[in-house]
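Trainee: What follows is input_6.tsv, made up of TSV, C-alpha atoms:
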chain	number	residue	atom	x	y	z
D	1	MET	CA	26.05	2.05	-96.99
D	2	ALA	CA	28.10	2.48	-93.82
D	3	ILE	CA	25.93	5.41	-92.74
D	4	ARG	CA	22.79	3.33	-93.30
D	5	MET	CA	24.23	0.51	-91.21
D	6	MET	CA	25.04	2.95	-88.39
D	7	GLU	CA	21.45	4.23	-88.46
D	8	ILE	CA	20.10	0.68	-88.22
D	9	LEU	CA	22.39	-0.10	-85.26
D	10	PHE	CA	21.44	3.16	-83.54
D	11	PHE	CA	17.70	2.54	-83.79
D	12	ALA	CA	18.14	-1.08	-82.73
D	13	PHE	CA	19.97	0.15	-79.61
D	14	LEU	CA	17.31	2.79	-78.95
D	15	THR	CA	14.50	0.25	-79.28
D	16	GLY	CA	16.25	-2.13	-76.90
D	17	TYR	CA	16.79	0.64	-74.36
D	18	MET	CA	13.11	1.68	-74.44
D	19	ILE	CA	11.99	-1.92	-73.97
D	20	PHE	CA	14.34	-2.22	-70.98
D	21	ARG	CA	12.99	1.01	-69.45
D	22	LEU	CA	9.37	-0.12	-69.83
D	23	TRP	CA	10.22	-3.48	-68.31
D	24	SER	CA	12.01	-1.82	-65.38
D	25	ILE	CA	8.85	0.17	-64.60
D	26	LEU	CA	6.11	-2.29	-65.54
D	27	GLY	CA	7.82	-5.66	-65.52
D	28	LYS	CA	8.20	-6.11	-61.77
D	29	ARG	CA	5.42	-8.16	-60.14
D	30	SER	CA	4.01	-5.17	-58.28
D	31	GLY	CA	0.70	-5.78	-60.02
D	32	PHE	CA	1.19	-3.13	-62.70
D	33	GLU	CA	2.58	-5.11	-65.63
D	34	ALA	CA	0.60	-3.28	-68.39
D	35	PRO	CA	-2.39	-5.65	-68.18
D	36	PRO	CA	-5.29	-6.20	-70.55
D	37	PRO	CA	-8.60	-4.65	-69.34
D	38	LEU	CA	-10.18	-6.63	-66.51
D	39	PRO	CA	-13.92	-7.20	-65.82
D	40	ARG	CA	-15.45	-4.10	-64.25
D	41	PRO	CA	-16.53	-4.35	-60.59
D	42	ASP	CA	-20.07	-3.60	-59.45
D	43	ASN	CA	-19.34	-0.24	-57.81
D	44	GLU	CA	-17.79	1.79	-60.62
D	45	ALA	CA	-20.77	3.80	-61.85
D	46	ASP	CA	-19.65	7.22	-60.60
D	47	ASN	CA	-16.18	7.52	-62.11
D	48	VAL	CA	-14.86	11.01	-62.83
D	49	ILE	CA	-11.60	12.24	-64.38
D	50	PRO	CA	-8.76	13.88	-62.44
D	51	LEU	CA	-5.00	13.92	-63.21
D	52	LYS	CA	-1.70	13.59	-61.43
D	53	LEU	CA	1.99	12.54	-61.66
D	54	ARG	CA	5.30	11.84	-59.90
D	55	SER	CA	8.71	10.14	-60.14
D	56	GLN	CA	9.17	6.68	-58.70
D	57	LYS	CA	11.25	6.96	-55.54
D	58	LYS	CA	11.76	3.34	-54.59
D	59	THR	CA	12.50	0.02	-56.22
D	60	ALA	CA	9.46	-2.19	-55.87
D	61	SER	CA	11.40	-5.44	-55.73
D	62	THR	CA	13.44	-4.33	-52.69
D	63	GLU	CA	10.58	-3.11	-50.49
D	64	GLU	CA	8.58	-5.04	-47.93
D	65	SER	CA	5.01	-4.45	-46.79
D	66	PRO	CA	4.68	-2.59	-43.50
D	67	GLU	CA	3.79	-4.71	-40.52
D	68	PRO	CA	0.10	-4.56	-39.51
D	69	SER	CA	1.06	-2.49	-36.45
D	70	GLU	CA	2.22	0.31	-38.78
D	71	ILE	CA	-1.26	0.89	-40.26
D	72	ASN	CA	-4.61	1.57	-38.63
D	73	SER	CA	-7.00	-1.22	-37.69
D	74	ALA	CA	-9.38	-0.70	-40.63
D	75	LEU	CA	-6.55	-0.91	-43.16
D	76	GLU	CA	-5.00	-3.81	-41.26
D	77	ALA	CA	-8.21	-5.82	-41.56
D	78	GLY	CA	-8.41	-5.21	-45.30
D	79	LEU	CA	-4.73	-6.00	-45.79
D	80	LYS	CA	-5.10	-9.30	-43.94
D	81	LYS	CA	-8.05	-10.28	-46.14
D	82	ILE	CA	-6.12	-9.58	-49.33
D	83	GLN	CA	-3.01	-11.38	-48.04
D	84	ALA	CA	-5.17	-14.36	-47.03
D	85	ALA	CA	-6.44	-14.56	-50.61
D	86	ASP	CA	-3.03	-13.72	-52.09
D	87	PRO	CA	-0.11	-14.53	-49.72
D	88	ALA	CA	2.39	-13.10	-52.22
D	89	PHE	CA	0.86	-9.61	-51.97
D	90	HIS	CA	3.00	-6.88	-50.36
D	91	LEU	CA	1.74	-3.35	-49.85
D	92	GLU	CA	4.93	-1.37	-50.45
D	93	PRO	CA	5.67	-2.82	-53.92
D	94	PHE	CA	2.03	-2.17	-54.79
D	95	LEU	CA	2.40	1.50	-53.80
D	96	ASN	CA	5.53	1.89	-55.91
D	97	GLY	CA	3.77	0.25	-58.85
D	98	ALA	CA	0.78	2.54	-58.39
D	99	VAL	CA	3.04	5.59	-58.53
D	100	ALA	CA	4.61	4.36	-61.77
D	101	ALA	CA	1.17	3.64	-63.24
D	102	PHE	CA	0.01	7.08	-62.10
D	103	GLU	CA	2.82	8.78	-64.03
D	104	ILE	CA	2.15	6.76	-67.15
D	105	ILE	CA	-1.62	7.42	-67.05
D	106	VAL	CA	-1.23	11.17	-66.51
D	107	GLU	CA	1.34	11.51	-69.27
D	108	ALA	CA	-0.77	9.44	-71.66
D	109	PHE	CA	-3.89	11.48	-70.92
D	110	ALA	CA	-2.05	14.75	-71.50
D	111	LYS	CA	-0.83	13.43	-74.86
D	112	GLY	CA	-4.17	11.90	-75.80
D	113	ASP	CA	-2.52	8.47	-76.01
D	114	LYS	CA	-5.49	6.09	-75.72
D	115	ALA	CA	-3.43	3.06	-76.74
D	116	THR	CA	-1.34	3.44	-73.58
D	117	LEU	CA	-4.35	4.23	-71.39
D	118	LYS	CA	-6.56	1.32	-72.43
D	119	PRO	CA	-4.74	-1.59	-70.72
D	120	LEU	CA	-4.30	0.38	-67.48
D	121	LEU	CA	-7.97	1.37	-67.06
D	122	ASN	CA	-11.13	-0.66	-66.74
D	123	PRO	CA	-13.74	-0.17	-69.51
D	124	SER	CA	-15.81	2.42	-67.64
D	125	VAL	CA	-12.87	4.65	-66.73
D	126	PHE	CA	-11.41	4.28	-70.22
D	127	LYS	CA	-14.75	5.41	-71.67
D	128	SER	CA	-14.72	8.49	-69.42
D	129	PHE	CA	-11.14	9.36	-70.31
D	130	SER	CA	-11.86	8.86	-74.01
D	131	SER	CA	-14.90	11.12	-73.80
D	132	ALA	CA	-12.81	13.87	-72.21
D	133	LEU	CA	-10.17	13.50	-74.92
D	134	LYS	CA	-12.84	13.66	-77.63
D	135	ASP	CA	-14.23	16.90	-76.15
D	136	ARG	CA	-10.72	18.34	-76.08
D	137	ASP	CA	-10.09	17.36	-79.69
D	138	GLU	CA	-13.40	18.85	-80.82
D	139	ALA	CA	-12.50	22.11	-79.07
D	140	GLN	CA	-9.12	21.96	-80.85
D	141	GLN	CA	-7.30	22.31	-77.58
D	142	THR	CA	-4.12	20.82	-76.19
D	143	VAL	CA	-3.16	20.50	-72.55
D	144	GLU	CA	0.33	20.67	-71.09
D	145	THR	CA	0.69	19.21	-67.60
D	146	LYS	CA	3.80	19.52	-65.47
D	147	ILE	CA	3.99	17.88	-62.08
D	148	VAL	CA	6.08	20.06	-59.82
D	149	ASP	CA	5.79	17.75	-56.81
D	150	LEU	CA	3.99	14.54	-55.87
D	151	LYS	CA	3.87	13.29	-52.32
D	152	ASP	CA	3.94	9.63	-51.36
D	153	PRO	CA	0.44	8.18	-51.89
D	154	GLU	CA	-1.74	7.75	-48.83
D	155	VAL	CA	-3.71	4.53	-48.43
D	156	VAL	CA	-7.38	5.41	-48.01
D	157	SER	CA	-8.85	1.92	-47.97
D	158	ILE	CA	-7.95	-1.73	-48.51
D	159	GLU	CA	-10.86	-4.09	-49.03
D	160	ILE	CA	-12.44	-6.95	-50.90
D	161	LYS	CA	-15.65	-6.12	-52.76
D	162	GLY	CA	-17.44	-9.01	-54.33
D	163	LYS	CA	-14.79	-10.92	-56.25
D	164	GLN	CA	-12.41	-7.95	-56.48
D	165	GLU	CA	-9.47	-6.84	-54.37
D	166	GLN	CA	-9.58	-3.03	-54.20
D	167	ILE	CA	-7.12	-0.47	-52.85
D	168	THR	CA	-7.88	3.24	-52.84
D	169	LEU	CA	-5.06	5.79	-52.71
D	170	LYS	CA	-4.88	9.53	-52.27
D	171	PHE	CA	-2.39	11.37	-54.49
D	172	VAL	CA	-1.48	14.95	-53.51
D	173	SER	CA	0.49	16.89	-56.10
D	174	GLU	CA	1.49	20.34	-57.21
D	175	GLN	CA	0.76	20.76	-60.92
D	176	ILE	CA	1.04	23.38	-63.64
D	177	ILE	CA	-1.71	22.82	-66.20
D	178	VAL	CA	-1.86	25.01	-69.30
D	179	THR	CA	-4.54	24.82	-72.02
D	180	LYS	CA	-3.74	26.02	-75.54
D	181	ASP	CA	-5.86	26.54	-78.66
D	182	VAL	CA	-5.19	25.24	-82.15
D	183	ASP	CA	-2.79	28.14	-82.81
D	184	GLY	CA	-0.80	27.45	-79.65
D	185	LYS	CA	-2.21	30.45	-77.79
D	186	ILE	CA	-2.69	29.96	-74.05
D	187	GLN	CA	-6.37	29.89	-73.09
D	188	ASP	CA	-6.05	28.93	-69.46
D	189	ASN	CA	-3.44	29.63	-66.75
D	190	PRO	CA	-1.21	32.03	-68.75
D	191	ALA	CA	0.76	32.78	-65.59
D	192	HIS	CA	1.63	29.07	-65.23
D	193	LEU	CA	0.39	29.03	-61.66
D	194	THR	CA	0.84	25.90	-59.58
D	195	LEU	CA	-2.30	24.14	-58.36
D	196	THR	CA	-2.59	21.72	-55.45
D	197	MET	CA	-4.45	18.62	-56.58
D	198	ASN	CA	-5.98	16.02	-54.26
D	199	ASP	CA	-7.08	12.99	-56.24
D	200	ILE	CA	-8.49	9.69	-55.06
D	201	TRP	CA	-7.81	6.67	-57.29
D	202	THR	CA	-9.07	3.13	-56.77
D	203	PHE	CA	-7.20	0.14	-58.21
D	204	SER	CA	-8.70	-3.33	-58.49
D	205	ARG	CA	-8.02	-6.90	-59.61
D	206	PRO	CA	-9.91	-10.22	-59.35
D	207	ILE	CA	-9.37	-12.33	-56.24
D	208	GLY	CA	-7.11	-15.29	-56.89
D	209	SER	CA	-6.38	-14.25	-60.46
D	210	GLU	CA	-3.25	-15.70	-62.03
D	211	ASN	CA	-2.81	-12.29	-63.63
D	212	PRO	CA	-1.15	-10.10	-60.96
D	213	ASN	CA	-2.12	-6.83	-62.62
D	214	TRP	CA	-4.25	-4.08	-61.14
D	215	VAL	CA	-6.31	-1.60	-63.18
D	216	LEU	CA	-7.74	1.81	-62.35
D	217	VAL	CA	-11.48	1.41	-61.73
D	218	ALA	CA	-12.53	4.75	-60.18
D	219	THR	CA	-11.22	8.30	-59.81
D	220	ARG	CA	-12.50	11.34	-58.00
D	221	ILE	CA	-11.33	14.67	-56.64
D	222	GLU	CA	-11.30	14.85	-52.85
D	223	GLY	CA	-14.45	16.52	-51.60
D	224	ASN	CA	-16.50	15.60	-54.70
Kindly present the structure from the file in structure tokens form.

Mentor:
Amino acid sequence: MAIRMMEILFFAFLTGYMIFRLWSILGKRSGFEAPPPLPRPDNEADNVIPLKLRSQKKTASTEESPEPSEINSALEAGLKKIQAADPAFHLEPFLNGAVAAFEIIVEAFAKGDKATLKPLLNPSVFKSFSSALKDRDEAQQTVETKIVDLKDPEVVSIEIKGKQEQITLKFVSEQIIVTKDVDGKIQDNPAHLTLTMNDIWTFSRPIGSENPNWVLVATRIEGN
């Protein structure tokens, strides 16, 4: 009986710890609070699937947005438009939240965890990811992804499109991606070589929404 009680207390502690960890990553108002899917914007027809990952370096709640003088004029104009619509928006917490979301999405895709992916992607991107996972399952393959290094994301664009705020980021990472068959035999990259990945991700949310969360609405590989 005592052993059973110890097991119950242990799992209760473990559950509480995991909830705290998820809240510490997703619970800050950086705009990445594990949202429900949002309405898709008009410009998401050409989504493709890339992957990436990295450890969060900064605490979102302690960072401030850079002053307009620290970014170029095109980004400054977009940032001012978003801040006019949402005065509480700060760029640096958004970037930290995007990095955390990036890690979660990449890990979930590698594991085939659609339940985790769904609230972080808009319907079109989720459909594309799900299709890729289905193809992988039908081929009886598994993929192991290890991020060796991930640089700070670069802001590509900040803009308002229609009724959506959109921010596009470039993620540059060094990754080891290994594909295995149903028997665990390596089919691709047996030498575990590191690849440089340059992925462009666009995050979006409705203007003036009471829900602060952003979702991934488009992905592409640089140059494609």

Trainee: Select, from D:Thr168, D:Ser130, D:Gln83, D:Ser173, the residue with the minimum atom-to-atom distance to Arg220 of chain D, counting all atoms listed in the file.

Mentor: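 Of D:Thr168, D:Ser130, D:Gln83, D:Ser173, the one nearest Arg220 of chain D is D:Thr168, counting all atoms listed in the file.
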
Trainee: Can you tell me how far atom CA of Gln166 of chain D sits from atom CA of Ile104 of chain D, in Å to one decimal?

Mentor: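 Rounded to one decimal, the two atoms are 20.0 Å apart.
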
Trainee: Quote the spacing between atom CA of Asp181 of chain D and atom CA of Thr142 of chain D in Å to one decimal place.

Mentor: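 Computing it gives 6.5 Å between the two atoms.
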
Trainee: So which one's closest to Pro212 of chain D, D:Glu165, D:Leu133, D:Leu75, D:Leu121? Using all atoms listed in the file, please.

Mentor: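 Nearest to Pro212 of chain D: D:Glu165.
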
Trainee: Atom CA of Leu193 of chain D and atom CA of Val99 of chain D, how far apart in Å?

Mentor: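 If I compute the distance from atom CA of Val99 of chain D to atom CA of Leu193 of chain D, I get 23.8 Å.
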
Trainee: Take the point (-10.5, -11.4, -53.8) in the file's coordinates, draw a sphere of radius 9 Å around it, and report as number ranges by chain every protein, DNA or RNA residue with an atom inside or on it, counting only C-alpha atoms.

Mentor: D: 81-82, 85-86, 159-166, 205-209

Trainee: Which residue is closest to Leu95 of chain D? Choose from D:Glu210, D:Glu144, D:Glu154, D:Asp183 and count all atoms listed in the file.

Mentor: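 So, comparing all the options, the nearest one is D:Glu154.
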
Trainee: Between D:Lys170, D:Gly97, D:Val182, D:Ile176, which has the minimum distance to Glu222 of chain D (counting only C-alpha atoms)?

Mentor: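 Ranked by minimum distance to Glu222 of chain D, first place goes to D:Lys170.
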
Trainee: Up to 12 Å from (-2.9, 4.9, -73.0) in the file's coordinates: name the residues, counting all atoms listed in the file, as a PDB file with C-alpha atoms, keeping the file's coordinate frame.

Mentor:
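Generated output (result01.pdb):
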ATOM      1  CA  ALA D  34       0.600  -3.280 -68.390  1.00  0.00           C
ATOM      2  CA  PRO D  35      -2.390  -5.650 -68.180  1.00  0.00           C
ATOM      3  CA  PRO D  36      -5.290  -6.200 -70.550  1.00  0.00           C
ATOM      4  CA  PRO D  37      -8.600  -4.650 -69.340  1.00  0.00           C
ATOM      5  CA  ALA D 101       1.170   3.640 -63.240  1.00  0.00           C
ATOM      6  CA  PHE D 102       0.010   7.080 -62.100  1.00  0.00           C
ATOM      7  CA  GLU D 103       2.820   8.780 -64.030  1.00  0.00           C
ATOM      8  CA  ILE D 104       2.150   6.760 -67.150  1.00  0.00           C
ATOM      9  CA  ILE D 105      -1.620   7.420 -67.050  1.00  0.00           C
ATOM     10  CA  VAL D 106      -1.230  11.170 -66.510  1.00  0.00           C
ATOM     11  CA  GLU D 107       1.340  11.510 -69.270  1.00  0.00           C
ATOM     12  CA  ALA D 108      -0.770   9.440 -71.660  1.00  0.00           C
ATOM     13  CA  PHE D 109      -3.890  11.480 -70.920  1.00  0.00           C
ATOM     14  CA  ALA D 110      -2.050  14.750 -71.500  1.00  0.00           C
ATOM     15  CA  LYS D 111      -0.830  13.430 -74.860  1.00  0.00           C
ATOM     16  CA  GLY D 112      -4.170  11.900 -75.800  1.00  0.00           C
ATOM     17  CA  ASP D 113      -2.520   8.470 -76.010  1.00  0.00           C
ATOM     18  CA  LYS D 114      -5.490   6.090 -75.720  1.00  0.00           C
ATOM     19  CA  ALA D 115      -3.430   3.060 -76.740  1.00  0.00           C
ATOM     20  CA  THR D 116      -1.340   3.440 -73.580  1.00  0.00           C
ATOM     21  CA  LEU D 117      -4.350   4.230 -71.390  1.00  0.00           C
ATOM     22  CA  LYS D 118      -6.560   1.320 -72.430  1.00  0.00           C
ATOM     23  CA  PRO D 119      -4.740  -1.590 -70.720  1.00  0.00           C
ATOM     24  CA  LEU D 120      -4.300   0.380 -67.480  1.00  0.00           C
ATOM     25  CA  LEU D 121      -7.970   1.370 -67.060  1.00  0.00           C
ATOM     26  CA  ASN D 122     -11.130  -0.660 -66.740  1.00  0.00           C
ATOM     27  CA  VAL D 125     -12.870   4.650 -66.730  1.00  0.00           C
ATOM     28  CA  PHE D 126     -11.410   4.280 -70.220  1.00  0.00           C
ATOM     29  CA  LYS D 127     -14.750   5.410 -71.670  1.00  0.00           C
ATOM     30  CA  PHE D 129     -11.140   9.360 -70.310  1.00  0.00           C
ATOM     31  CA  SER D 130     -11.860   8.860 -74.010  1.00  0.00           C
ATOM     32  CA  LEU D 133     -10.170  13.500 -74.920  1.00  0.00           C
TER      33      LEU D 133
END

Trainee: Using only C-alpha atoms for the distances, tell me which of D:Thr196, D:Gln175, D:Val155, D:Asp135 is nearest to Glu92 of chain D.

Mentor: D:Val155
